[in-house]
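Reproduced below: coords_20.pdb, with PDB, C-alpha atoms.
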```
ATOM      1  CA  MET A 113      19.568   3.955  -7.194
ATOM      2  CA  SER A 114      18.091   5.361  -3.999
ATOM      3  CA  ARG A 115      14.335   5.676  -3.933
ATOM      4  CA  VAL A 116      12.910   9.149  -4.428
ATOM      5  CA  PRO A 117      10.698  10.422  -1.557
ATOM      6  CA  ILE A 118       7.063   9.731  -2.302
ATOM      7  CA  ILE A 119       5.788  13.344  -2.253
ATOM      8  CA  GLU A 120       6.587  16.727  -0.838
ATOM      9  CA  ASP A 121       4.469  16.528   2.324
ATOM     10  CA  ASP A 122       4.340  19.607   4.547
ATOM     11  CA  SER A 123       2.267  17.957   7.280
ATOM     12  CA  SER A 124       4.111  16.972  10.447
ATOM     13  CA  SER A 125       1.729  14.199  11.503
ATOM     14  CA  GLU A 126      -0.366  11.540   9.827
ATOM     15  CA  GLU A 127      -4.056  12.157   9.167
ATOM     16  CA  GLU A 128      -6.499  10.369  11.445
ATOM     17  CA  GLY A 129      -8.420   7.510   9.896
ATOM     18  CA  ALA A 130      -5.559   6.319   7.681
ATOM     19  CA  GLU A 131      -6.618   2.759   8.447
ATOM     20  CA  ASP A 132      -9.539   3.091   6.046
ATOM     21  CA  SER A 133      -8.219   1.506   2.853
ATOM     22  CA  GLY A 134     -11.212   2.532   0.784
ATOM     23  CA  ASP A 135     -12.043  -1.068  -0.218
ATOM     24  CA  HIS A 136     -15.799  -0.356  -0.106
ATOM     25  CA  PHE A 137     -15.558   2.892  -2.051
ATOM     26  CA  LYS A 138     -17.942   3.303  -4.964
ATOM     27  CA  GLU A 139     -16.204   5.429  -7.554
ATOM     28  CA  GLU A 140     -17.765   8.843  -8.079
ATOM     29  CA  GLY A 141     -16.534  12.316  -8.825
ATOM     30  CA  MET A 142     -14.788  14.122  -5.993
ATOM     31  CA  SER A 143     -13.281  17.517  -5.358
ATOM     32  CA  GLU A 144      -9.562  18.176  -5.346
ATOM     33  CA  TRP A 145      -9.823  18.875  -1.598
ATOM     34  CA  ASP A 146     -11.294  15.402  -0.970
ATOM     35  CA  ALA A 147      -8.612  13.837  -3.148
ATOM     36  CA  SER A 148      -5.937  15.701  -1.190
ATOM     37  CA  ASN A 149      -7.282  14.313   2.084
ATOM     38  CA  LEU A 150      -7.186  10.778   0.712
ATOM     39  CA  LYS A 151      -3.664  11.350  -0.537
ATOM     40  CA  GLN A 152      -2.462  12.426   2.902
ATOM     41  CA  LYS A 153      -3.961   9.284   4.453
ATOM     42  CA  ALA A 154      -2.241   7.202   1.787
ATOM     43  CA  VAL A 155       1.089   8.862   2.544
ATOM     44  CA  GLY A 156       0.758   7.755   6.159
ATOM     45  CA  LEU A 157       0.116   4.185   5.030
ATOM     46  CA  PHE A 158       3.094   4.310   2.676
ATOM     47  CA  MET A 159       5.391   5.539   5.449
ATOM     48  CA  ARG A 160       4.316   2.517   7.506
ATOM     49  CA  SER A 161       5.178   0.241   4.536
ATOM     50  CA  GLN A 162       1.515  -0.616   3.988
ATOM     51  CA  TYR A 163       1.910  -0.404   0.238
ATOM     52  CA  PRO A 164      -1.238  -2.266  -0.971
ATOM     53  CA  GLU A 165      -3.414  -0.170   1.357
ATOM     54  CA  ALA A 166      -1.710   3.043   0.235
ATOM     55  CA  THR A 167      -2.189   2.037  -3.391
ATOM     56  CA  ALA A 168      -5.915   1.520  -2.797
ATOM     57  CA  LEU A 169      -6.309   5.045  -1.400
ATOM     58  CA  PHE A 170      -4.217   6.663  -4.130
ATOM     59  CA  GLN A 171      -6.282   4.785  -6.716
ATOM     60  CA  GLN A 172      -9.489   5.907  -5.007
ATOM     61  CA  ALA A 173      -8.418   9.540  -5.193
ATOM     62  CA  LEU A 174      -7.244   9.152  -8.784
ATOM     63  CA  GLY A 175     -10.502   7.508  -9.831
ATOM     64  CA  GLY A 176     -12.520  10.224  -8.119
ATOM     65  CA  LEU A 177     -10.715  12.987  -9.978
ATOM     66  CA  GLU A 178     -11.005  11.164 -13.287
ATOM     67  CA  GLN A 179     -14.740  10.690 -12.756
ATOM     68  CA  ALA A 180     -15.171  14.354 -11.835
ATOM     69  CA  ALA A 181     -13.352  15.389 -14.998
ATOM     70  CA  LEU A 182     -15.493  12.996 -17.022
ATOM     71  CA  GLU A 183     -18.620  14.590 -15.605
ATOM     72  CA  GLN A 184     -17.286  17.946 -16.810
ATOM     73  CA  SER A 185     -16.382  16.461 -20.220
ATOM     74  CA  LYS A 186     -12.807  17.678 -19.811
ATOM     75  CA  PRO A 187      -9.425  15.903 -19.755
ATOM     76  CA  VAL A 188      -8.463  15.145 -16.170
ATOM     77  CA  SER A 189      -4.957  16.559 -16.648
ATOM     78  CA  SER A 190      -6.418  19.937 -17.628
ATOM     79  CA  VAL A 191      -8.804  20.100 -14.652
ATOM     80  CA  PHE A 192      -6.741  18.515 -11.862
ATOM     81  CA  GLY A 193      -3.283  18.546 -13.444
ATOM     82  CA  ASN A 194      -1.005  18.933 -10.423
ATOM     83  CA  MET A 195      -2.984  16.620  -8.145
ATOM     84  CA  TRP A 196      -3.522  13.993 -10.839
ATOM     85  CA  HIS A 197       0.180  13.896 -11.679
ATOM     86  CA  ALA A 198       1.118  13.712  -7.993
ATOM     87  CA  LEU A 199      -1.199  10.743  -7.474
ATOM     88  CA  ARG A 200       0.253   8.980 -10.500
ATOM     89  CA  ASN A 201       3.748   9.591  -9.179
ATOM     90  CA  ASN A 202       2.761   8.250  -5.774
ATOM     91  CA  LEU A 203       1.268   5.124  -7.351
ATOM     92  CA  ALA A 204       4.569   4.636  -9.149
ATOM     93  CA  ALA A 205       6.370   4.819  -5.805
ATOM     94  CA  CYS A 206       4.042   2.171  -4.353
ATOM     95  CA  ALA A 207       4.571  -0.060  -7.358
ATOM     96  CA  LEU A 208       8.353   0.324  -6.966
ATOM     97  CA  ALA A 209       8.113  -0.744  -3.355
ATOM     98  CA  MET A 210       6.117  -3.832  -4.392
ATOM     99  CA  GLU A 211       8.484  -4.554  -7.315
ATOM    100  CA  GLN A 212       5.699  -4.176  -9.871
ATOM    101  CA  TRP A 213       8.001  -2.819 -12.542
ATOM    102  CA  SER A 214       5.512  -2.661 -15.415
ATOM    103  CA  GLU A 215       3.040  -0.734 -13.255
ATOM    104  CA  VAL A 216       5.768   1.758 -12.370
ATOM    105  CA  ILE A 217       6.325   2.405 -16.049
ATOM    106  CA  VAL A 218       2.609   2.833 -16.763
ATOM    107  CA  HIS A 219       2.232   5.536 -14.088
ATOM    108  CA  CYS A 220       5.489   7.301 -14.964
ATOM    109  CA  ASP A 221       4.596   7.299 -18.656
ATOM    110  CA  ALA A 222       1.331   9.061 -17.784
ATOM    111  CA  VAL A 223       3.177  11.770 -15.837
ATOM    112  CA  LEU A 224       5.952  12.226 -18.377
ATOM    113  CA  HIS A 225       3.486  12.516 -21.242
ATOM    114  CA  ASP A 226       2.385  15.868 -19.767
ATOM    115  CA  GLN A 227       5.514  16.742 -17.765
ATOM    116  CA  PRO A 228       8.624  15.481 -19.615
ATOM    117  CA  ALA A 229      10.898  17.128 -17.023
ATOM    118  CA  ASN A 230       9.307  15.504 -13.972
ATOM    119  CA  LEU A 231      12.396  14.368 -12.082
ATOM    120  CA  LYS A 232      10.716  11.816  -9.832
ATOM    121  CA  ALA A 233       8.950  10.117 -12.720
ATOM    122  CA  LEU A 234      12.185   9.933 -14.707
ATOM    123  CA  LEU A 235      14.129   8.372 -11.830
ATOM    124  CA  ARG A 236      11.379   5.912 -10.954
ATOM    125  CA  ARG A 237      10.965   4.809 -14.549
ATOM    126  CA  ALA A 238      14.742   4.461 -14.812
ATOM    127  CA  GLU A 239      14.781   2.071 -11.862
ATOM    128  CA  ALA A 240      11.887   0.037 -13.261
ATOM    129  CA  ARG A 241      13.518  -0.157 -16.673
ATOM    130  CA  GLU A 242      16.785  -1.257 -15.096
ATOM    131  CA  ARG A 243      15.015  -4.023 -13.175
ATOM    132  CA  LEU A 244      13.411  -5.207 -16.427
ATOM    133  CA  GLY A 245      16.796  -5.290 -18.125
ATOM    134  CA  LEU A 246      16.034  -2.251 -20.299
ATOM    135  CA  THR A 247      19.466  -0.744 -19.826
ATOM    136  CA  ALA A 248      19.325   1.661 -22.750
ATOM    137  CA  GLY A 249      15.988   3.075 -21.610
ATOM    138  CA  ALA A 250      17.193   3.356 -18.013
ATOM    139  CA  CYS A 251      20.309   5.234 -19.078
ATOM    140  CA  SER A 252      18.217   7.560 -21.240
ATOM    141  CA  ASP A 253      15.965   8.422 -18.280
ATOM    142  CA  ILE A 254      18.914   9.016 -15.951
ATOM    143  CA  GLN A 255      20.599  11.232 -18.530
ATOM    144  CA  ALA A 256      17.387  13.265 -18.812
ATOM    145  CA  ALA A 257      17.228  13.504 -15.011
ATOM    146  CA  LEU A 258      20.821  14.748 -14.850
ATOM    147  CA  ARG A 259      20.060  17.479 -17.373
ATOM    148  CA  ILE A 260      17.413  18.698 -14.920
ATOM    149  CA  ASP A 261      19.464  18.116 -11.767
ATOM    150  CA  PRO A 262      23.180  17.985 -12.683
ATOM    151  CA  ASN A 263      24.177  17.739  -9.013
ATOM    152  CA  ASN A 264      22.276  14.521  -8.351
ATOM    153  CA  ILE A 265      25.176  12.361  -7.177
ATOM    154  CA  ASP A 266      23.130   9.155  -6.839
ATOM    155  CA  ALA A 267      21.875   9.425 -10.411
ATOM    156  CA  ALA A 268      25.353  10.165 -11.761
ATOM    157  CA  GLU A 269      26.806   7.147  -9.965
ATOM    158  CA  ARG A 270      23.966   4.951 -11.194
ATOM    159  CA  LEU A 271      24.526   6.038 -14.772
ATOM    160  CA  LYS A 272      28.246   5.296 -14.463
ATOM    161  CA  LEU A 273      27.522   1.835 -13.062
ATOM    162  CA  LEU A 274      24.994   0.970 -15.756
ATOM    163  CA  SER A 275      27.353   2.153 -18.466
ATOM    164  CA  SER A 276      30.177   0.017 -17.079
ATOM    165  CA  MET A 277      27.932  -3.053 -16.807
ATOM    166  CA  SER A 278      26.717  -2.930 -20.387
ATOM    167  CA  THR A 279      28.876  -4.984 -22.719
ATOM    168  CA  PRO A 280      29.446  -3.805 -26.267
ATOM    169  CA  THR A 281      26.935  -5.527 -28.534
ATOM    170  CA  ALA A 282      26.186  -5.062 -32.198
ATOM    171  CA  PRO A 283      23.093  -2.823 -32.422
ATOM    172  CA  ALA A 284      21.197  -5.265 -34.626
ATOM    173  CA  ALA A 285      21.852  -8.182 -32.238
ATOM    174  CA  ALA A 286      20.841  -6.159 -29.183
ATOM    175  CA  SER A 287      17.711  -5.001 -30.977
ATOM    176  CA  GLU A 288      16.747  -8.533 -31.910
ATOM    177  CA  ALA A 289      17.303  -9.764 -28.345
ATOM    178  CA  ALA A 290      15.042  -7.044 -26.958
ATOM    179  CA  LYS A 291      12.420  -7.811 -29.588
ATOM    180  CA  LEU A 292      12.364 -11.511 -28.646
ATOM    181  CA  ARG A 293      11.870 -10.593 -24.996
ATOM    182  CA  GLY A 294       9.086  -8.276 -26.091
ATOM    183  CA  ASN A 295       7.449 -11.163 -27.923
ATOM    184  CA  GLU A 296       7.526 -13.209 -24.715
ATOM    185  CA  ALA A 297       5.948 -10.364 -22.740
ATOM    186  CA  MET A 298       3.273  -9.862 -25.396
ATOM    187  CA  ALA A 299       2.443 -13.583 -25.313
ATOM    188  CA  ARG A 300       1.727 -13.164 -21.578
ATOM    189  CA  GLY A 301      -0.483 -10.163 -22.231
ATOM    190  CA  ALA A 302       2.013  -7.879 -20.466
ATOM    191  CA  TRP A 303       1.440  -5.050 -22.915
ATOM    192  CA  SER A 304       3.253  -2.297 -21.023
ATOM    193  CA  GLU A 305       6.329  -4.446 -20.474
ATOM    194  CA  ALA A 306       6.300  -5.529 -24.122
ATOM    195  CA  TRP A 307       5.997  -1.879 -25.194
ATOM    196  CA  GLU A 308       9.135  -1.015 -23.241
ATOM    197  CA  LEU A 309      11.064  -3.953 -24.670
ATOM    198  CA  TYR A 310      10.117  -3.100 -28.239
ATOM    199  CA  THR A 311      11.067   0.508 -27.536
ATOM    200  CA  ASP A 312      14.458  -0.714 -26.329
ATOM    201  CA  ALA A 313      14.793  -2.735 -29.526
ATOM    202  CA  LEU A 314      14.123   0.385 -31.581
ATOM    203  CA  VAL A 315      16.644   2.403 -29.575
ATOM    204  CA  HIS A 316      19.307  -0.065 -30.689
ATOM    205  CA  ASP A 317      18.023  -0.338 -34.248
ATOM    206  CA  PRO A 318      15.293   2.063 -35.463
ATOM    207  CA  SER A 319      14.907  -0.008 -38.619
ATOM    208  CA  ASN A 320      13.738  -3.105 -36.711
ATOM    209  CA  PHE A 321      10.585  -3.569 -38.750
ATOM    210  CA  ALA A 322       8.966  -6.292 -36.631
ATOM    211  CA  ALA A 323       9.622  -4.515 -33.324
ATOM    212  CA  ARG A 324       7.853  -1.376 -34.575
ATOM    213  CA  ASN A 325       4.875  -3.345 -35.863
ATOM    214  CA  ASN A 326       4.603  -5.249 -32.587
ATOM    215  CA  ARG A 327       4.908  -2.049 -30.553
ATOM    216  CA  CYS A 328       1.995  -0.736 -32.589
ATOM    217  CA  MET A 329      -0.099  -3.660 -31.364
ATOM    218  CA  CYS A 330       0.938  -2.961 -27.765
ATOM    219  CA  ALA A 331      -0.128   0.653 -28.190
ATOM    220  CA  LEU A 332      -3.551  -0.424 -29.440
ATOM    221  CA  LYS A 333      -3.978  -2.742 -26.450
ATOM    222  CA  GLN A 334      -3.270   0.205 -24.125
ATOM    223  CA  ASP A 335      -5.539   2.669 -25.986
ATOM    224  CA  LYS A 336      -2.533   4.716 -27.111
ATOM    225  CA  TRP A 337      -4.089   5.619 -30.427
ATOM    226  CA  LYS A 338      -1.640   8.304 -31.569
ATOM    227  CA  GLU A 339       1.359   6.136 -30.749
ATOM    228  CA  ALA A 340      -0.204   3.206 -32.615
ATOM    229  CA  GLU A 341      -0.889   5.378 -35.657
ATOM    230  CA  SER A 342       2.690   6.677 -35.594
ATOM    231  CA  ASP A 343       4.244   3.203 -35.398
ATOM    232  CA  ALA A 344       1.983   1.832 -38.112
ATOM    233  CA  SER A 345       2.898   4.764 -40.359
ATOM    234  CA  GLY A 346       6.569   4.035 -39.692
ATOM    235  CA  VAL A 347       6.107   0.453 -40.844
ATOM    236  CA  LEU A 348       4.116   1.518 -43.906
ATOM    237  CA  ALA A 349       6.809   3.983 -44.918
ATOM    238  CA  LEU A 350       9.062   0.951 -45.470
ATOM    239  CA  SER A 351       6.394  -1.514 -46.552
ATOM    240  CA  PRO A 352       3.278   0.212 -47.972
ATOM    241  CA  GLU A 353       1.384  -3.065 -48.408
ATOM    242  CA  ASN A 354       1.927  -4.438 -44.902
ATOM    243  CA  SER A 355      -1.589  -5.618 -44.082
ATOM    244  CA  LYS A 356      -1.026  -5.765 -40.314
ATOM    245  CA  ALA A 357       0.180  -2.164 -40.182
ATOM    246  CA  LEU A 358      -2.668  -1.020 -42.453
ATOM    247  CA  PHE A 359      -5.302  -2.671 -40.282
ATOM    248  CA  ARG A 360      -3.721  -1.467 -37.043
ATOM    249  CA  ARG A 361      -3.533   2.114 -38.281
ATOM    250  CA  ALA A 362      -7.146   1.833 -39.417
ATOM    251  CA  SER A 363      -8.118   0.677 -35.919
ATOM    252  CA  ALA A 364      -6.232   3.559 -34.290
ATOM    253  CA  ARG A 365      -7.769   6.107 -36.649
ATOM    254  CA  GLN A 366     -11.253   4.735 -36.066
ATOM    255  CA  SER A 367     -10.761   5.120 -32.311
ATOM    256  CA  MET A 368      -9.640   8.733 -32.863
ATOM    257  CA  GLU A 369     -12.769   9.290 -35.038
ATOM    258  CA  ASN A 370     -10.662   9.832 -38.153
ATOM    259  CA  TYR A 371     -13.136   7.766 -40.142
ATOM    260  CA  GLU A 372     -11.971   8.917 -43.562
ATOM    261  CA  GLY A 373      -8.382   7.837 -42.858
ATOM    262  CA  SER A 374      -9.577   4.586 -41.309
ATOM    263  CA  GLU A 375     -11.723   3.789 -44.356
ATOM    264  CA  ALA A 376      -8.785   4.398 -46.702
ATOM    265  CA  ASP A 377      -6.557   2.064 -44.671
ATOM    266  CA  LEU A 378      -9.218  -0.643 -44.552
ATOM    267  CA  LEU A 379      -9.754  -0.500 -48.294
ATOM    268  CA  ALA A 380      -5.997  -0.815 -48.763
ATOM    269  CA  THR A 381      -5.983  -3.773 -46.350
ATOM    270  CA  LEU A 382      -8.654  -5.544 -48.399
ATOM    271  CA  VAL A 383      -6.689  -5.005 -51.597
ATOM    272  CA  VAL A 384      -3.818  -6.932 -50.003
ATOM    273  CA  GLU A 385      -6.053  -9.437 -48.141
ATOM    274  CA  PRO A 386      -9.490  -9.617 -49.823
ATOM    275  CA  THR A 387     -10.727 -12.259 -47.346
ATOM    276  CA  ASN A 388      -9.769 -10.370 -44.160
ATOM    277  CA  GLY A 389     -12.954 -10.722 -42.122
ATOM    278  CA  LYS A 390     -11.907  -8.306 -39.370
ATOM    279  CA  ALA A 391     -11.164  -5.595 -41.916
ATOM    280  CA  LYS A 392     -14.570  -6.098 -43.553
ATOM    281  CA  GLU A 393     -16.314  -5.928 -40.173
ATOM    282  CA  LEU A 394     -14.490  -2.753 -39.141
ATOM    283  CA  LEU A 395     -15.147  -1.173 -42.541
ATOM    284  CA  LEU A 396     -18.895  -1.573 -41.994
ATOM    285  CA  LYS A 397     -18.628   0.178 -38.621
ATOM    286  CA  VAL A 398     -16.493   2.984 -40.055
ATOM    287  CA  ARG A 399     -18.882   3.597 -42.948
ATOM    288  CA  LYS A 400     -21.829   3.676 -40.564
ATOM    289  CA  ALA A 401     -19.970   6.271 -38.483
ATOM    290  CA  LEU A 402     -19.281   8.314 -41.633
ATOM    291  CA  VAL A 403     -22.971   8.336 -42.524
ATOM    292  CA  GLU A 404     -23.874   9.462 -39.008
ATOM    293  CA  LYS A 405     -21.188  12.144 -39.129
ATOM    294  CA  GLU A 406     -22.483  13.508 -42.443
ATOM    295  CA  ALA A 407     -26.055  13.528 -41.105
ATOM    296  CA  GLN A 408     -24.986  15.734 -38.203
ATOM    297  CA  GLN A 409     -23.359  18.323 -40.446
TER     298      GLN A 409
END
```
Would you encode the structure as structure tokens?
Amino acid sequence: MSRVPIIEDDSSSEEEGAEDSGDHFKEEGMSEWDASNLKQKAVGLFMRSQYPEATALFQQALGGLEQAALEQSKPVSSVFGNMWHALRNNLAACALAMEQWSEVIVHCDAVLHDQPANLKALLRRAEARERLGLTAGACSDIQAALRIDPNNIDAAERLKLLSSMSTPTAPAAASEAAKLRGNEAMARGAWSEAWELYTDALVHDPSNFAARNNRCMCALKQDKWKEAESDASGVLALSPENSKALFRRASARQSMENYEGSEADLLATLVVEPTNGKAKELLLKVRKALVEKEAQQ
């Protein structure tokens, strides 16, 4: 699959001072104009194949916008949406160039969460998934890209090639194979990669109980609280007394300040495992938060 251009850049020449990689930058809030200037410098570095240096500048701009949004107590995507998504997409392009497949997926996931029809993010994530052996996920992304751009010849040819390369496999066997690879990634602490592998397992077999429970853990490790809650609920729909899913959903709900729901899950966890020390510890924190919440009302 041919690489997508990094950004739509209207400038005809590189910005001066592109050699400054921003290594000594102390993160603080910045304006969108300042972030745009940093982005243009990073583009020049990228075009010269200086990918680590470009990444540093894109990260500097991204961090500045996120800090500025934090100072305003607003989500960064609502304050600097277009610029923030562009920087994420550019970081994905740098990660592709450096063959950091899991990082590509992290940045593309962030873009696609807000912009599901972002063509560049879909194609970049497709390439990263393909390189990780996540054929089903790669095909899904390419299919989504072709719905947006039906005339994309490169994407159509890539989809045809991937489809021809995949050998027919029983869904349950393919799901189990992806789950085992996810377990290996999780053992290394590669949470994003493990998430993708468990997702691939669930594409083949949505009833893969263990893959869903393990993906829930990956979501918690990446602060994806809603996704963790959803996966835990999926497990509990099949196994209401699954203590791991109960505790994980409690953890996600506590992080989302749903203290009532978290308390209920923790109490259910302790019914199944009365000696679960982590559940007891979290229950104390949740009940303290409930008392503080009631005092503020």
key: Shortest interatomic distance to A:Arg237 - which of A:Ser252, A:Ser367, A:Ser287, A:Thr381, counting all atoms listed in the file   =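 Answer, going by the shortest atom-to-atom distance: A:Ser252.
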key: A:Ala391, A:Leu309, A:Ala166, A:Leu348 ranked by distance to A:Met210, top pick (using only C-alpha atoms)   =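 So, comparing all the options, the nearest one is A:Ala166.
Closest approach to A:Leu246 among A:Trp337, A:Phe158, A:Trp196, A:Trp307: A:Trp307, based on all atoms listed in the file.
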Result set of the PyMOL selection byres ((chain A and resi 175-177) around 7) on the coordinates above, as a compact mmCIF listing (two decimals) with C-alpha atoms, in the coordinates of the input:
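See result34.txt below for the written result:
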```
# COMPACT_ATOMS: atom_id res chain seq x y z
CA GLU A 139 -16.20 5.43 -7.55
CA GLU A 140 -17.76 8.84 -8.08
CA GLY A 141 -16.53 12.32 -8.82
CA MET A 142 -14.79 14.12 -5.99
CA SER A 143 -13.28 17.52 -5.36
CA GLN A 171 -6.28 4.78 -6.72
CA GLN A 172 -9.49 5.91 -5.01
CA ALA A 173 -8.42 9.54 -5.19
CA LEU A 174 -7.24 9.15 -8.78
CA GLU A 178 -11.00 11.16 -13.29
CA GLN A 179 -14.74 10.69 -12.76
CA ALA A 180 -15.17 14.35 -11.84
CA ALA A 181 -13.35 15.39 -15.00
CA VAL A 188 -8.46 15.14 -16.17
```
Distance criterion (all atoms listed in the file): nearest to A:Lys232 out of A:Asn201, A:Gln334, A:Ile254, A:Val315 = A:Asn201
remark   = One residue among A:Ala147, A:Leu394, A:Met368, A:Leu273 is nearest to A:Leu332 when using all atoms listed in the file, and that residue is A:Met368
